[in-house]
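Everything below concerns the one structure shown next.
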Amino acid sequence: MINLSRVVVQKVAVNNKWVREIFMDNNFDTDKIKLTKYLFFTGKGGVGKTSTACSIAVNLADDGKKILLISTDPASNLQDVFQTDLNGKGVKIKEVPNLVVANLNPEEAASAYKESVIAPYRGKLPEAVLESMAEQLSGSCTVEIAAFNEFSNFITDKTAQIEYDHIIFDTAPTGHTLRMLQLPSAWSNFITDSTHGASCLGQLAGLEDKKEMYKEAVRTLSDAEMTTLILVTRPEFAPLQEAERASKELKELGVNNQVLVINGLLRDEFVNDNISRQFYSKQKKSLEEMPLGLQNIEKYTIPLRSYNIEGINSIRNLLKNDDINEVGEEQKIPETLKLKNLIEDLFQQGKKVIFTMGKGGVGKTTLAASIALGLAEKGTKVHLTTTDPADHLNFVIAQSSKITVSKIDEVEELNKYKEEVLKTAKETMNDNDIAYIEEDLRSPCTQEIAVFRAFAEIVEKADDEIVVIDTAPTGHTLLLLDATESYHKEIQRSQGNIPQSVKNLLPRLRNKNETEVVIVTLAETTPVYEALRLQEDLNRAGINNKWWIVNSSLLMTGTENSFLKAKAQNEITWINKVKDIAKGAVVVVPWQGDEIKEENLKNLIK
């Protein structure tokens, strides 16, 4: 059996055939990585980038280096990790004399930035226009701009450069944000008079005085002698795909000094029951099918831990070879509902439009398929639609008189939308402004809007059946569409037209008698906090959410493996937290090792 904590499986082209090469790999630690002045950690929510950044920071500080650790993650749990009250200025950690930790709040910074942009227009522009501007500045991209502003202050701070041996950032900017910041037109005021109806970043004019500082920050980020970008992932399909996307985007901008850290590998000495064998095999398969874009990046691994990363002792030991397997008194498994309870409630309430919503990799597609199957078995006609790029639902669920399956091609829908917007924009805009529009069309909100239009057309045609959709638009996107509609009524023109089907769907989604959004998360810190932000967005948009699903629970597998059992006990805190949030309307679904097939979905429902 291959010891996954010591190897990374990689495929390379040899004589036009794919073969596997197994590289002896080092555990990630400070002795083996090239230590530049700045270390940026990035990765999907929940992959362990905060824990990894903290461990590197503590170990370097223990070695006598002066370290500044900065988090710009809105879901940051640094205060829990260090069990210390933190702020944005920097706090010395008592147990680690050489370490200073700053926990920035980009959402507060984004709120202040939004007000600074809108304030000059109050009383001068119609209220509908101000609402549109406010919503454009309420998205994740604006939060990221605000975060970039915060850590740019640290990157360009000459005093900090002298005072600290290494400055470590938990969360790096995306390629989209960096490209936007480098466009001359992004700093102009044109967006106040001309919008394509899907702007996510809004104006940057409010930060005009920071332009030179941003340029210096971007230069530093792409300087391989000064900066290392550390991509953190898990040995799972979705996080590896996300790591590849981030790597490619940043390489396009000249950020080439990258390393990949694969966190959470189950060691073979802990494999001794059916669940652990399935867990191990699933990880191995994910690594064997590693995306091409990650294959030439230097790789490190971190073993799966059975304990929560909280407190200095666990942070120090995260990168060591041993596991602190301190199994305390076994806690009582919380009482939760089953998937069949959720399906019965949706059926009894007569819901017509059902979304599964959550961050990538939490299992929305599988659960949407399970819900669709469960409703169909009750005798209702169901249409299931997905944006899953693997498009495997057709192989999982048999088309029948009770259930039909369709796929929305996200790339195709986005291209159609981009063509429509750019065709109109080119009639009135110069090349600089077109460059801004092209980049803005790559934003997450624009992609949501493009896909949402395709969803709306399906729902429009499906009055006589239940429609189950595996990806929901965020509350921000819905409000953006709503505000844009008001904006177009006020200005009497439109470039990115909102189809009638979308206009019809917005009120329908706000009708809690017809629509339900089921929030899907994992029993872990970051996924729960991210799901909470999604719920806040939905509440802001007036969209009903009653049900939550905690997916992939080891606790519910009944594993007898002592290592996985200890890890599973850590889920109880988060399951109970979700129970409180959802007022008991929470389903906990066991971790699945088997390949997704219709029979397995039926077992999930039972």
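Chain labels run A, B, ... following the order of the structure tokens; each chain numbers its residues from 1, and ligands are numbered from 1 in the order shown.
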- Task: Give me the residues within 10 Å of A:Tyr214 as an MDAnalysis selection string, counting only C-alpha atoms and dropping any in the same chain fewer than 4 places off.
- Result: chainID A and resid 148:149 151:153 155:156 178 181:182 207:210 218:220
- Can you tell me, as an NGL selection string, what residues are no more than 9 Å from A:Gly584 when counting only C-alpha atoms, ignoring any on the same chain fewer than 5 positions away? :A and (336-337 or 547 or 578-579)
- Message: Let's see if you can do this: from backbone DSSP, list all helix (DSSP H, G or I) residues in stretch 304-356 of chain A, as a PyMOL selection string.
- Response: chain A and resi 312-317+339-349
Keeping only N, CA and C atoms, write the selected residues as a PDB file, in the first residue's frame.
```
ATOM      1  N   ILE A 312      -1.674  26.844  21.005  1.00  0.00           N
ATOM      2  CA  ILE A 312      -0.293  26.860  20.526  1.00  0.00           C
ATOM      3  C   ILE A 312       0.264  25.454  20.325  1.00  0.00           C
ATOM      4  N   ASN A 313      -0.063  24.542  21.231  1.00  0.00           N
ATOM      5  CA  ASN A 313       0.495  23.183  21.147  1.00  0.00           C
ATOM      6  C   ASN A 313       0.107  22.506  19.834  1.00  0.00           C
ATOM      7  N   SER A 314      -1.178  22.578  19.461  1.00  0.00           N
ATOM      8  CA  SER A 314      -1.624  21.930  18.217  1.00  0.00           C
ATOM      9  C   SER A 314      -1.053  22.626  16.989  1.00  0.00           C
ATOM     10  N   ILE A 315      -0.874  23.952  17.052  1.00  0.00           N
ATOM     11  CA  ILE A 315      -0.294  24.697  15.917  1.00  0.00           C
ATOM     12  C   ILE A 315       1.148  24.252  15.682  1.00  0.00           C
ATOM     13  N   ARG A 316       1.903  24.161  16.781  1.00  0.00           N
ATOM     14  CA  ARG A 316       3.311  23.748  16.665  1.00  0.00           C
ATOM     15  C   ARG A 316       3.436  22.358  16.054  1.00  0.00           C
ATOM     16  N   ASN A 317       2.522  21.465  16.439  1.00  0.00           N
ATOM     17  CA  ASN A 317       2.648  20.058  16.047  1.00  0.00           C
ATOM     18  C   ASN A 317       2.026  19.724  14.695  1.00  0.00           C
ATOM     19  N   LEU A 339     -32.548  12.912   5.656  1.00  0.00           N
ATOM     20  CA  LEU A 339     -32.884  13.491   4.356  1.00  0.00           C
ATOM     21  C   LEU A 339     -34.355  13.258   4.014  1.00  0.00           C
ATOM     22  N   LYS A 340     -34.894  12.098   4.429  1.00  0.00           N
ATOM     23  CA  LYS A 340     -36.301  11.802   4.117  1.00  0.00           C
ATOM     24  C   LYS A 340     -37.240  12.780   4.827  1.00  0.00           C
ATOM     25  N   ASN A 341     -36.818  13.309   6.007  1.00  0.00           N
ATOM     26  CA  ASN A 341     -37.631  14.307   6.709  1.00  0.00           C
ATOM     27  C   ASN A 341     -37.691  15.617   5.933  1.00  0.00           C
ATOM     28  N   LEU A 342     -36.541  16.015   5.394  1.00  0.00           N
ATOM     29  CA  LEU A 342     -36.472  17.232   4.576  1.00  0.00           C
ATOM     30  C   LEU A 342     -37.346  17.083   3.332  1.00  0.00           C
ATOM     31  N   ILE A 343     -37.222  15.944   2.655  1.00  0.00           N
ATOM     32  CA  ILE A 343     -37.990  15.700   1.422  1.00  0.00           C
ATOM     33  C   ILE A 343     -39.491  15.691   1.713  1.00  0.00           C
ATOM     34  N   GLU A 344     -39.883  15.064   2.817  1.00  0.00           N
ATOM     35  CA  GLU A 344     -41.303  15.016   3.194  1.00  0.00           C
ATOM     36  C   GLU A 344     -41.837  16.428   3.455  1.00  0.00           C
ATOM     37  N   ASP A 345     -41.028  17.261   4.118  1.00  0.00           N
ATOM     38  CA  ASP A 345     -41.451  18.638   4.409  1.00  0.00           C
ATOM     39  C   ASP A 345     -41.622  19.447   3.117  1.00  0.00           C
ATOM     40  N   LEU A 346     -40.664  19.323   2.194  1.00  0.00           N
ATOM     41  CA  LEU A 346     -40.762  20.038   0.911  1.00  0.00           C
ATOM     42  C   LEU A 346     -42.018  19.593   0.161  1.00  0.00           C
ATOM     43  N   PHE A 347     -42.296  18.294   0.230  1.00  0.00           N
ATOM     44  CA  PHE A 347     -43.466  17.735  -0.454  1.00  0.00           C
ATOM     45  C   PHE A 347     -44.765  18.259   0.176  1.00  0.00           C
ATOM     46  N   GLN A 348     -44.843  18.212   1.500  1.00  0.00           N
ATOM     47  CA  GLN A 348     -46.051  18.649   2.200  1.00  0.00           C
ATOM     48  C   GLN A 348     -46.288  20.151   2.040  1.00  0.00           C
ATOM     49  N   GLN A 349     -45.199  20.921   1.966  1.00  0.00           N
ATOM     50  CA  GLN A 349     -45.316  22.375   1.814  1.00  0.00           C
ATOM     51  C   GLN A 349     -45.612  22.785   0.378  1.00  0.00           C
TER      52      GLN A 349
END
```
- Pick the closest to A:Asn600 from A:Val502, A:Leu564, A:Leu367, A:Ile162: which is it, counting only C-alpha atoms?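 Residue with the minimum atom-to-atom distance to A:Asn600: A:Leu367.
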- Pull the strand (DSSP E) assignments for stretch 308-456 of chain A out of DSSP run on the backbone, and list those residues as number ranges by chain. A: 353-357, 382-386, 403-407
Take the residues from that selection and write them out as a tab-separated table (two decimals), in the first residue's frame, keeping N, CA, C and O atoms.
```
chain	number	residue	atom	x	y	z
A	353	VAL	N	-39.87	25.38	-6.45
A	353	VAL	CA	-38.49	25.67	-6.87
A	353	VAL	C	-37.58	25.42	-5.67
A	353	VAL	O	-37.74	26.06	-4.63
A	354	ILE	N	-36.65	24.49	-5.82
A	354	ILE	CA	-35.77	24.10	-4.71
A	354	ILE	C	-34.32	24.24	-5.16
A	354	ILE	O	-33.91	23.64	-6.16
A	355	PHE	N	-33.56	25.03	-4.44
A	355	PHE	CA	-32.13	25.20	-4.71
A	355	PHE	C	-31.32	24.52	-3.62
A	355	PHE	O	-31.68	24.59	-2.44
A	356	THR	N	-30.21	23.88	-3.97
A	356	THR	CA	-29.19	23.54	-2.98
A	356	THR	C	-28.08	24.57	-3.14
A	356	THR	O	-27.62	24.81	-4.25
A	357	MET	N	-27.68	25.17	-2.04
A	357	MET	CA	-26.75	26.30	-2.10
A	357	MET	C	-25.60	26.09	-1.13
A	357	MET	O	-25.79	25.62	-0.01
A	382	VAL	N	-40.64	15.80	-11.56
A	382	VAL	CA	-39.49	16.60	-11.12
A	382	VAL	C	-38.55	16.86	-12.29
A	382	VAL	O	-38.28	15.97	-13.09
A	383	HIS	N	-38.04	18.11	-12.35
A	383	HIS	CA	-36.97	18.44	-13.30
A	383	HIS	C	-35.74	18.81	-12.48
A	383	HIS	O	-35.78	19.73	-11.66
A	384	LEU	N	-34.64	18.10	-12.69
A	384	LEU	CA	-33.37	18.37	-12.00
A	384	LEU	C	-32.41	18.98	-12.99
A	384	LEU	O	-32.16	18.42	-14.05
A	385	THR	N	-31.86	20.15	-12.63
A	385	THR	CA	-30.87	20.78	-13.51
A	385	THR	C	-29.60	21.08	-12.73
A	385	THR	O	-29.63	21.39	-11.54
A	386	THR	N	-28.47	20.96	-13.40
A	386	THR	CA	-27.17	21.08	-12.73
A	386	THR	C	-26.19	21.89	-13.57
A	386	THR	O	-26.31	21.96	-14.79
A	403	ILE	N	-38.99	12.00	-13.65
A	403	ILE	CA	-37.84	12.88	-13.47
A	403	ILE	C	-37.09	13.09	-14.77
A	403	ILE	O	-36.83	12.16	-15.53
A	404	THR	N	-36.79	14.36	-15.06
A	404	THR	CA	-35.95	14.70	-16.22
A	404	THR	C	-34.72	15.44	-15.70
A	404	THR	O	-34.78	16.12	-14.68
A	405	VAL	N	-33.63	15.28	-16.42
A	405	VAL	CA	-32.36	15.88	-16.00
A	405	VAL	C	-31.82	16.74	-17.12
A	405	VAL	O	-31.82	16.34	-18.28
A	406	SER	N	-31.37	17.95	-16.79
A	406	SER	CA	-30.73	18.81	-17.78
A	406	SER	C	-29.46	19.40	-17.19
A	406	SER	O	-29.27	19.42	-15.98
A	407	LYS	N	-28.59	19.89	-18.06
A	407	LYS	CA	-27.31	20.46	-17.63
A	407	LYS	C	-27.17	21.87	-18.19
A	407	LYS	O	-27.45	22.10	-19.36
```
- A:Tyr113, A:Tyr164, A:Tyr307, A:Tyr300: which is nearest A:Lys567, counting only C-alpha atoms?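 Using only C-alpha atoms, the shortest distance to A:Lys567 belongs to A:Tyr307.
Neighbours of stretch 48-65 of chain A closer than or equal to 8 Å, with only C-alpha atoms counted and sequence neighbours fewer than 6 positions away skipped, come out as Asp29, Thr30, Phe41, Thr42, Ser76, Asn77, Leu78, Val81, Val96, Pro97, Asn98, Leu99, Tyr164, Asp165, His166, Ile168, Phe169, Asp170, Thr171, Val232, Thr233, Asn263, Ile309, Ile315, Arg316, Asn317, Leu318 and Leu319 of chain A.
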- Task: One decimal, Å: what's the distance from atom CA of A:Pro590 over to atom CA of A:Val271, could you say?
- Result: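 According to the coordinates, atom CA of A:Pro590 and atom CA of A:Val271 are separated by 18.5 Å.
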